[in-house]
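Text of final.txt, listed as compact mmCIF, C-alpha atoms:
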```
# COMPACT_ATOMS: atom_id res chain seq x y z
CA MET A 1 0.00 0.00 0.00
CA LEU A 2 1.18 3.53 -0.70
CA ASN A 3 0.35 4.31 2.93
CA ASP A 4 3.44 2.29 3.87
CA ILE A 5 5.75 4.72 2.11
CA TYR A 6 3.92 7.90 3.09
CA ASN A 7 4.22 7.20 6.80
CA ARG A 8 4.25 9.78 9.58
CA ARG A 9 8.05 10.11 9.75
CA ILE A 10 8.37 10.71 5.99
CA LEU A 11 5.65 13.35 6.16
CA GLU A 12 7.41 15.00 9.14
CA LEU A 13 10.71 15.10 7.26
CA ALA A 14 8.99 16.47 4.15
CA ALA A 15 7.38 19.24 6.22
CA ASP A 16 10.68 20.30 7.84
CA ILE A 17 13.42 20.62 5.22
CA PRO A 18 16.53 22.44 6.45
CA ARG A 19 18.78 24.65 4.30
CA LEU A 20 16.10 25.57 1.74
CA GLY A 21 17.00 28.23 -0.81
CA ARG A 22 20.07 28.98 -2.85
CA LEU A 23 23.63 29.98 -1.93
CA ALA A 24 24.87 33.39 -3.03
CA LYS A 25 28.23 31.99 -4.21
CA PRO A 26 28.20 28.21 -4.68
CA GLN A 27 31.25 26.50 -6.12
CA ALA A 28 28.84 24.34 -8.10
CA SER A 29 25.15 23.79 -8.62
CA ALA A 30 23.38 20.78 -10.07
CA THR A 31 19.80 19.85 -10.84
CA ALA A 32 18.26 16.39 -10.94
CA HIS A 33 14.84 15.88 -12.48
CA SER A 34 12.47 12.93 -12.59
CA LYS A 35 10.67 12.72 -15.92
CA LEU A 36 8.23 10.24 -14.44
CA CYS A 37 6.78 12.47 -11.73
CA GLY A 38 8.15 15.91 -12.56
CA SER A 39 10.07 16.30 -9.29
CA THR A 40 13.16 18.50 -9.39
CA VAL A 41 15.93 19.14 -6.87
CA THR A 42 18.60 21.81 -7.39
CA VAL A 43 21.57 21.89 -5.02
CA ASP A 44 24.29 24.46 -4.38
CA VAL A 45 27.53 23.20 -2.86
CA VAL A 46 30.72 24.66 -1.41
CA MET A 47 33.64 22.40 -0.56
CA ASP A 48 36.90 22.87 1.33
CA HIS A 49 39.26 20.26 -0.07
CA ASP A 50 37.11 17.11 0.00
CA THR A 51 34.51 18.20 2.56
CA ILE A 52 31.17 19.95 2.12
CA THR A 53 31.23 23.24 4.04
CA ASP A 54 28.04 24.87 2.77
CA PHE A 55 24.89 23.61 1.11
CA ALA A 56 21.47 24.82 0.07
CA HIS A 57 18.75 23.35 -2.11
CA ASP A 58 15.57 24.17 -3.96
CA VAL A 59 13.23 21.20 -3.65
CA LYS A 60 10.18 20.89 -5.87
CA ALA A 61 9.34 17.26 -5.29
CA CYS A 62 6.83 14.83 -3.88
CA ALA A 63 6.92 13.89 -0.20
CA LEU A 64 9.54 11.20 -0.86
CA GLY A 65 11.87 13.60 -2.66
CA GLN A 66 11.29 16.13 0.09
CA ALA A 67 12.02 13.57 2.82
CA SER A 68 15.27 12.38 1.22
CA SER A 69 16.29 16.03 0.63
CA SER A 70 15.49 16.81 4.26
CA ILE A 71 17.76 14.00 5.45
CA MET A 72 20.50 15.11 3.03
CA ALA A 73 20.39 18.66 4.37
CA ARG A 74 20.65 17.43 7.96
CA HIS A 75 23.87 15.49 7.35
CA VAL A 76 25.65 16.92 4.28
CA ILE A 77 27.77 19.56 6.05
CA GLY A 78 31.02 17.88 7.03
CA ALA A 79 30.49 14.93 4.69
CA THR A 80 33.24 14.06 2.23
CA ALA A 81 32.86 13.50 -1.50
CA GLU A 82 33.64 9.81 -1.03
CA GLU A 83 31.06 9.48 1.75
CA LEU A 84 28.37 11.13 -0.37
CA ARG A 85 29.12 8.93 -3.36
CA GLN A 86 28.89 5.91 -1.07
CA VAL A 87 25.54 7.06 0.38
CA ARG A 88 24.15 7.46 -3.14
CA GLU A 89 25.25 3.94 -4.04
CA ASP A 90 23.88 2.56 -0.76
CA MET A 91 20.52 4.19 -1.52
CA ARG A 92 20.49 2.79 -5.06
CA ARG A 93 21.26 -0.69 -3.74
CA MET A 94 18.63 -0.38 -1.00
CA LEU A 95 15.92 0.61 -3.48
CA LYS A 96 16.88 -1.38 -6.56
CA ASP A 97 18.77 -4.43 -5.28
CA ASN A 98 17.13 -5.06 -1.90
CA GLY A 99 20.32 -3.95 -0.13
CA PRO A 100 20.53 -2.75 3.46
CA PRO A 101 19.88 0.92 4.25
CA PRO A 102 22.83 3.28 4.77
CA ARG A 103 24.46 3.18 8.19
CA GLY A 104 26.06 5.63 10.58
CA ARG A 105 24.95 9.24 10.42
CA TRP A 106 22.89 8.37 7.31
CA SER A 107 20.84 5.69 9.10
CA ASP A 108 17.80 8.04 9.02
CA LEU A 109 17.48 7.00 5.36
CA GLU A 110 16.12 3.67 6.59
CA VAL A 111 12.70 5.38 6.74
CA LEU A 112 12.73 5.27 2.91
CA GLU A 113 13.26 1.51 2.74
CA PRO A 114 9.57 0.73 1.93
CA VAL A 115 9.99 2.75 -1.31
CA ARG A 116 11.87 -0.22 -2.82
CA ASP A 117 8.52 -1.88 -3.54
CA TYR A 118 7.40 1.12 -5.67
CA LYS A 119 9.78 1.43 -8.64
CA ALA A 120 7.95 4.50 -9.93
CA ARG A 121 9.01 6.33 -6.73
CA HIS A 122 12.73 5.46 -6.89
CA ALA A 123 13.74 8.38 -9.11
CA SER A 124 12.22 11.08 -6.92
CA THR A 125 13.74 9.52 -3.80
CA LEU A 126 17.22 9.52 -5.39
CA LEU A 127 17.15 13.07 -6.82
CA THR A 128 19.02 14.75 -3.97
CA PHE A 129 21.80 12.15 -4.05
CA ASP A 130 22.25 12.44 -7.81
CA ALA A 131 22.32 16.24 -7.68
CA VAL A 132 24.85 16.36 -4.83
CA VAL A 133 27.20 13.89 -6.51
CA ASP A 134 26.87 15.81 -9.79
CA ALA A 135 27.77 19.09 -8.05
CA ILE A 136 30.79 17.46 -6.38
CA GLY A 137 31.92 16.17 -9.77
CA LYS A 138 31.70 19.70 -11.20
CA ILE A 139 33.88 21.08 -8.39
CA GLU A 140 36.43 18.31 -8.87
CA ALA A 141 36.48 18.85 -12.66
CA GLU A 142 37.01 22.59 -12.18
CA ARG A 143 39.91 21.92 -9.81
CA LEU A 144 41.51 19.55 -12.32
CA ALA A 145 41.12 22.10 -15.11
CA GLU A 146 42.73 24.79 -12.94
CA ALA A 147 45.63 22.47 -12.07
CA SER A 148 46.36 21.75 -15.75
```
Show the structure stored in the file as structure tokens.
Amino acid sequence: MLNDIYNRRILELAADIPRLGRLAKPQASATAHSKLCGSTVTVDVVMDHDTITDFAHDVKACALGQASSSIMARHVIGATAEELRQVREDMRRMLKDNGPPPRGRWSDLEVLEPVRDYKARHASTLLTFDAVVDAIGKIEAERLAEAS
């Protein structure tokens, strides 16, 4: 039942999304869009070396996209590029391959585990992770270009 994925905790997270808006001077921005449902998440990122030091996002998504974005915003500051890539892969595995939910400071993402049974909801749930990893890649590419 869809009621399983739109539970009270997901609705609470969706209603309380930290770090909404846009940064005045991001190092990189990225947008992820779900063609299936029309959800869109745009992120702005600032990094110091390999660590996220500032973050903001514009979230125009369903409750699942809002909930995953809410969790991202709660934990992204201080996270490394490697950690964020790993969280994205852990989320993909959890939803698509019946893998375990992320652990550690990302264990809140376990609330999204029931989404695995609703393939049409996977894309919106993963938007924030795809956008963050894309923005990190842009920063890294810019640094490589400057070093050349």
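Nearest residue to A:Ala135, choosing from A:Asn7, A:Ser34, A:Gln27, A:Ser68 and counting only C-alpha atoms: A:Gln27.
Considering the residues A:Ile17, A:Val87, A:Val46, A:Ile52 and counting only C-alpha atoms, A:Ser29 has its shortest atom-to-atom contact with A:Val46.
Atom pair atom CA of A:Phe55 / atom CA of A:Asp16 has a distance of 16.1 Å (rounded to one decimal).
Nearest to A:Thr51 of all the residues A:Leu127, A:Ile5, A:Ile77, A:Val111 is A:Ile77, based on all atoms listed in the file.
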Pairwise distance, atom CA of A:Asp54 with atom CA of A:Val115, equals 28.8 Å
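The space separating atom CA of A:His49 from atom CA of A:Leu84 comes to 14.2 Å.
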Of A:Asp117, A:Asp130, A:Glu12, A:Asp90, the one nearest to A:Thr40 when counting all atoms listed in the file is A:Asp130
* Place a sphere of radius 12 Å on (39.6, 19.4, -8.8) in the file coordinates and name every protein, DNA or RNA residue with an atom inside or on its surface, counting all atoms listed in the file; give the answer as a PyMOL selection string. => chain A and resi 27-28+47-50+81+135-148
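The residue that comes closest to A:Gly38, out of A:His57, A:Arg103, A:Cys62, A:Lys119 and on the basis of all atoms listed in the file, is A:Cys62.
Proximity ranking of A:Ala79, A:Gly21, A:Ala131, A:Ile10 relative to A:Pro114 places A:Ile10 first, based on only C-alpha atoms.
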Shell around A:Ala30 at 8 Å using only C-alpha atoms, local window under 6 positions removed, as a PDB file with C-alpha atoms, in the frame of the given file:
```pdb
ATOM      1  CA  THR A  42      18.600  21.810  -7.390  1.00  0.00           C
ATOM      2  CA  VAL A  43      21.570  21.890  -5.020  1.00  0.00           C
ATOM      3  CA  ASP A  44      24.290  24.460  -4.380  1.00  0.00           C
ATOM      4  CA  ALA A 131      22.320  16.240  -7.680  1.00  0.00           C
ATOM      5  CA  VAL A 132      24.850  16.360  -4.830  1.00  0.00           C
ATOM      6  CA  ASP A 134      26.870  15.810  -9.790  1.00  0.00           C
ATOM      7  CA  ALA A 135      27.770  19.090  -8.050  1.00  0.00           C
TER       8      ALA A 135
END
```
- Could you give me, as a PyMOL selection string, the residues that have an atom at most 10 Å away from the point (9.4, 16.8, -1.4) in the coordinates of the file, using all atoms listed in the file? chain A and resi 10-11+13-17+39-41+58-70+124-125
Include C-alpha atoms and write out the residues we just selected as a PDB file, in the frame of the given file.
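Writing the result to again_19.pdb gives the following:
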```pdb
ATOM      1  CA  ILE A  10       8.370  10.710   5.990  1.00  0.00           C
ATOM      2  CA  LEU A  11       5.650  13.350   6.160  1.00  0.00           C
ATOM      3  CA  LEU A  13      10.710  15.100   7.260  1.00  0.00           C
ATOM      4  CA  ALA A  14       8.990  16.470   4.150  1.00  0.00           C
ATOM      5  CA  ALA A  15       7.380  19.240   6.220  1.00  0.00           C
ATOM      6  CA  ASP A  16      10.680  20.300   7.840  1.00  0.00           C
ATOM      7  CA  ILE A  17      13.420  20.620   5.220  1.00  0.00           C
ATOM      8  CA  SER A  39      10.070  16.300  -9.290  1.00  0.00           C
ATOM      9  CA  THR A  40      13.160  18.500  -9.390  1.00  0.00           C
ATOM     10  CA  VAL A  41      15.930  19.140  -6.870  1.00  0.00           C
ATOM     11  CA  ASP A  58      15.570  24.170  -3.960  1.00  0.00           C
ATOM     12  CA  VAL A  59      13.230  21.200  -3.650  1.00  0.00           C
ATOM     13  CA  LYS A  60      10.180  20.890  -5.870  1.00  0.00           C
ATOM     14  CA  ALA A  61       9.340  17.260  -5.290  1.00  0.00           C
ATOM     15  CA  CYS A  62       6.830  14.830  -3.880  1.00  0.00           C
ATOM     16  CA  ALA A  63       6.920  13.890  -0.200  1.00  0.00           C
ATOM     17  CA  LEU A  64       9.540  11.200  -0.860  1.00  0.00           C
ATOM     18  CA  GLY A  65      11.870  13.600  -2.660  1.00  0.00           C
ATOM     19  CA  GLN A  66      11.290  16.130   0.090  1.00  0.00           C
ATOM     20  CA  ALA A  67      12.020  13.570   2.820  1.00  0.00           C
ATOM     21  CA  SER A  68      15.270  12.380   1.220  1.00  0.00           C
ATOM     22  CA  SER A  69      16.290  16.030   0.630  1.00  0.00           C
ATOM     23  CA  SER A  70      15.490  16.810   4.260  1.00  0.00           C
ATOM     24  CA  SER A 124      12.220  11.080  -6.920  1.00  0.00           C
ATOM     25  CA  THR A 125      13.740   9.520  -3.800  1.00  0.00           C
TER      26      THR A 125
END
```
Would you fill out stretch 59-90 of chain A with N, CA and C atoms and return it as an mmCIF file, in the frame of the given file?
```cif
data_model
loop_
_atom_site.group_PDB
_atom_site.id
_atom_site.type_symbol
_atom_site.label_atom_id
_atom_site.label_comp_id
_atom_site.auth_asym_id
_atom_site.auth_seq_id
_atom_site.Cartn_x
_atom_site.Cartn_y
_atom_site.Cartn_z
ATOM 1 N N VAL A 59 13.874 22.509 -3.537
ATOM 2 C CA VAL A 59 13.230 21.200 -3.650
ATOM 3 C C VAL A 59 11.789 21.376 -4.124
ATOM 4 N N LYS A 60 11.533 20.900 -5.322
ATOM 5 C CA LYS A 60 10.180 20.890 -5.870
ATOM 6 C C LYS A 60 9.867 19.428 -6.191
ATOM 7 N N ALA A 61 9.472 18.712 -5.165
ATOM 8 C CA ALA A 61 9.340 17.260 -5.290
ATOM 9 C C ALA A 61 8.177 16.766 -4.443
ATOM 10 N N CYS A 62 7.850 15.510 -4.676
ATOM 11 C CA CYS A 62 6.830 14.830 -3.880
ATOM 12 C C CYS A 62 7.363 14.633 -2.454
ATOM 13 N N ALA A 63 6.540 14.094 -1.594
ATOM 14 C CA ALA A 63 6.920 13.890 -0.200
ATOM 15 C C ALA A 63 8.185 13.028 -0.064
ATOM 16 N N LEU A 64 8.362 12.059 -0.947
ATOM 17 C CA LEU A 64 9.540 11.200 -0.860
ATOM 18 C C LEU A 64 10.810 11.971 -1.234
ATOM 19 N N GLY A 65 10.738 12.760 -2.293
ATOM 20 C CA GLY A 65 11.870 13.600 -2.660
ATOM 21 C C GLY A 65 12.158 14.638 -1.607
ATOM 22 N N GLN A 66 11.113 15.162 -0.990
ATOM 23 C CA GLN A 66 11.290 16.130 0.090
ATOM 24 C C GLN A 66 11.918 15.467 1.313
ATOM 25 N N ALA A 67 11.478 14.269 1.650
ATOM 26 C CA ALA A 67 12.020 13.570 2.820
ATOM 27 C C ALA A 67 13.498 13.233 2.616
ATOM 28 N N SER A 68 13.859 12.711 1.449
ATOM 29 C CA SER A 68 15.270 12.380 1.220
ATOM 30 C C SER A 68 16.121 13.661 1.193
ATOM 31 N N SER A 69 15.579 14.748 0.631
ATOM 32 C CA SER A 69 16.290 16.030 0.630
ATOM 33 C C SER A 69 16.451 16.565 2.050
ATOM 34 N N SER A 70 15.437 16.378 2.870
ATOM 35 C CA SER A 70 15.490 16.810 4.260
ATOM 36 C C SER A 70 16.614 16.085 5.005
ATOM 37 N N ILE A 71 16.706 14.785 4.799
ATOM 38 C CA ILE A 71 17.760 14.000 5.450
ATOM 39 C C ILE A 71 19.127 14.432 4.912
ATOM 40 N N MET A 72 19.241 14.636 3.615
ATOM 41 C CA MET A 72 20.500 15.110 3.030
ATOM 42 C C MET A 72 20.949 16.397 3.715
ATOM 43 N N ALA A 73 20.043 17.358 3.809
ATOM 44 C CA ALA A 73 20.390 18.660 4.370
ATOM 45 C C ALA A 73 20.813 18.569 5.836
ATOM 46 N N ARG A 74 20.319 17.589 6.544
ATOM 47 C CA ARG A 74 20.650 17.430 7.960
ATOM 48 C C ARG A 74 22.059 16.866 8.169
ATOM 49 N N HIS A 75 22.608 16.196 7.153
ATOM 50 C CA HIS A 75 23.870 15.490 7.350
ATOM 51 C C HIS A 75 24.976 15.866 6.370
ATOM 52 N N VAL A 76 24.692 16.681 5.361
ATOM 53 C CA VAL A 76 25.650 16.920 4.280
ATOM 54 C C VAL A 76 26.852 17.767 4.719
ATOM 55 N N ILE A 77 26.644 18.734 5.606
ATOM 56 C CA ILE A 77 27.770 19.560 6.050
ATOM 57 C C ILE A 77 28.742 18.685 6.833
ATOM 58 N N GLY A 78 29.991 18.719 6.407
ATOM 59 C CA GLY A 78 31.020 17.880 7.030
ATOM 60 C C GLY A 78 31.225 16.548 6.346
ATOM 61 N N ALA A 79 30.343 16.197 5.420
ATOM 62 C CA ALA A 79 30.490 14.930 4.690
ATOM 63 C C ALA A 79 31.539 15.103 3.586
ATOM 64 N N THR A 80 32.234 14.033 3.291
ATOM 65 C CA THR A 80 33.240 14.060 2.230
ATOM 66 C C THR A 80 32.620 13.613 0.905
ATOM 67 N N ALA A 81 33.316 13.931 -0.176
ATOM 68 C CA ALA A 81 32.860 13.500 -1.500
ATOM 69 C C ALA A 81 32.722 11.986 -1.552
ATOM 70 N N GLU A 82 33.695 11.278 -1.022
ATOM 71 C CA GLU A 82 33.640 9.810 -1.030
ATOM 72 C C GLU A 82 32.441 9.298 -0.238
ATOM 73 N N GLU A 83 32.200 9.888 0.916
ATOM 74 C CA GLU A 83 31.060 9.480 1.750
ATOM 75 C C GLU A 83 29.737 9.692 1.012
ATOM 76 N N LEU A 84 29.607 10.823 0.340
ATOM 77 C CA LEU A 84 28.370 11.130 -0.370
ATOM 78 C C LEU A 84 28.167 10.227 -1.578
ATOM 79 N N ARG A 85 29.240 9.898 -2.260
ATOM 80 C CA ARG A 85 29.120 8.930 -3.360
ATOM 81 C C ARG A 85 28.692 7.565 -2.822
ATOM 82 N N GLN A 86 29.241 7.195 -1.676
ATOM 83 C CA GLN A 86 28.890 5.910 -1.070
ATOM 84 C C GLN A 86 27.422 5.892 -0.634
ATOM 85 N N VAL A 87 26.946 6.983 -0.052
ATOM 86 C CA VAL A 87 25.540 7.060 0.380
ATOM 87 C C VAL A 87 24.627 6.924 -0.839
ATOM 88 N N ARG A 88 24.991 7.590 -1.935
ATOM 89 C CA ARG A 88 24.150 7.460 -3.140
ATOM 90 C C ARG A 88 24.102 6.002 -3.598
ATOM 91 N N GLU A 89 25.242 5.345 -3.618
ATOM 92 C CA GLU A 89 25.250 3.940 -4.040
ATOM 93 C C GLU A 89 24.498 3.053 -3.060
ATOM 94 N N ASP A 90 24.631 3.327 -1.769
ATOM 95 C CA ASP A 90 23.880 2.560 -0.760
ATOM 96 C C ASP A 90 22.377 2.728 -0.966
#
```
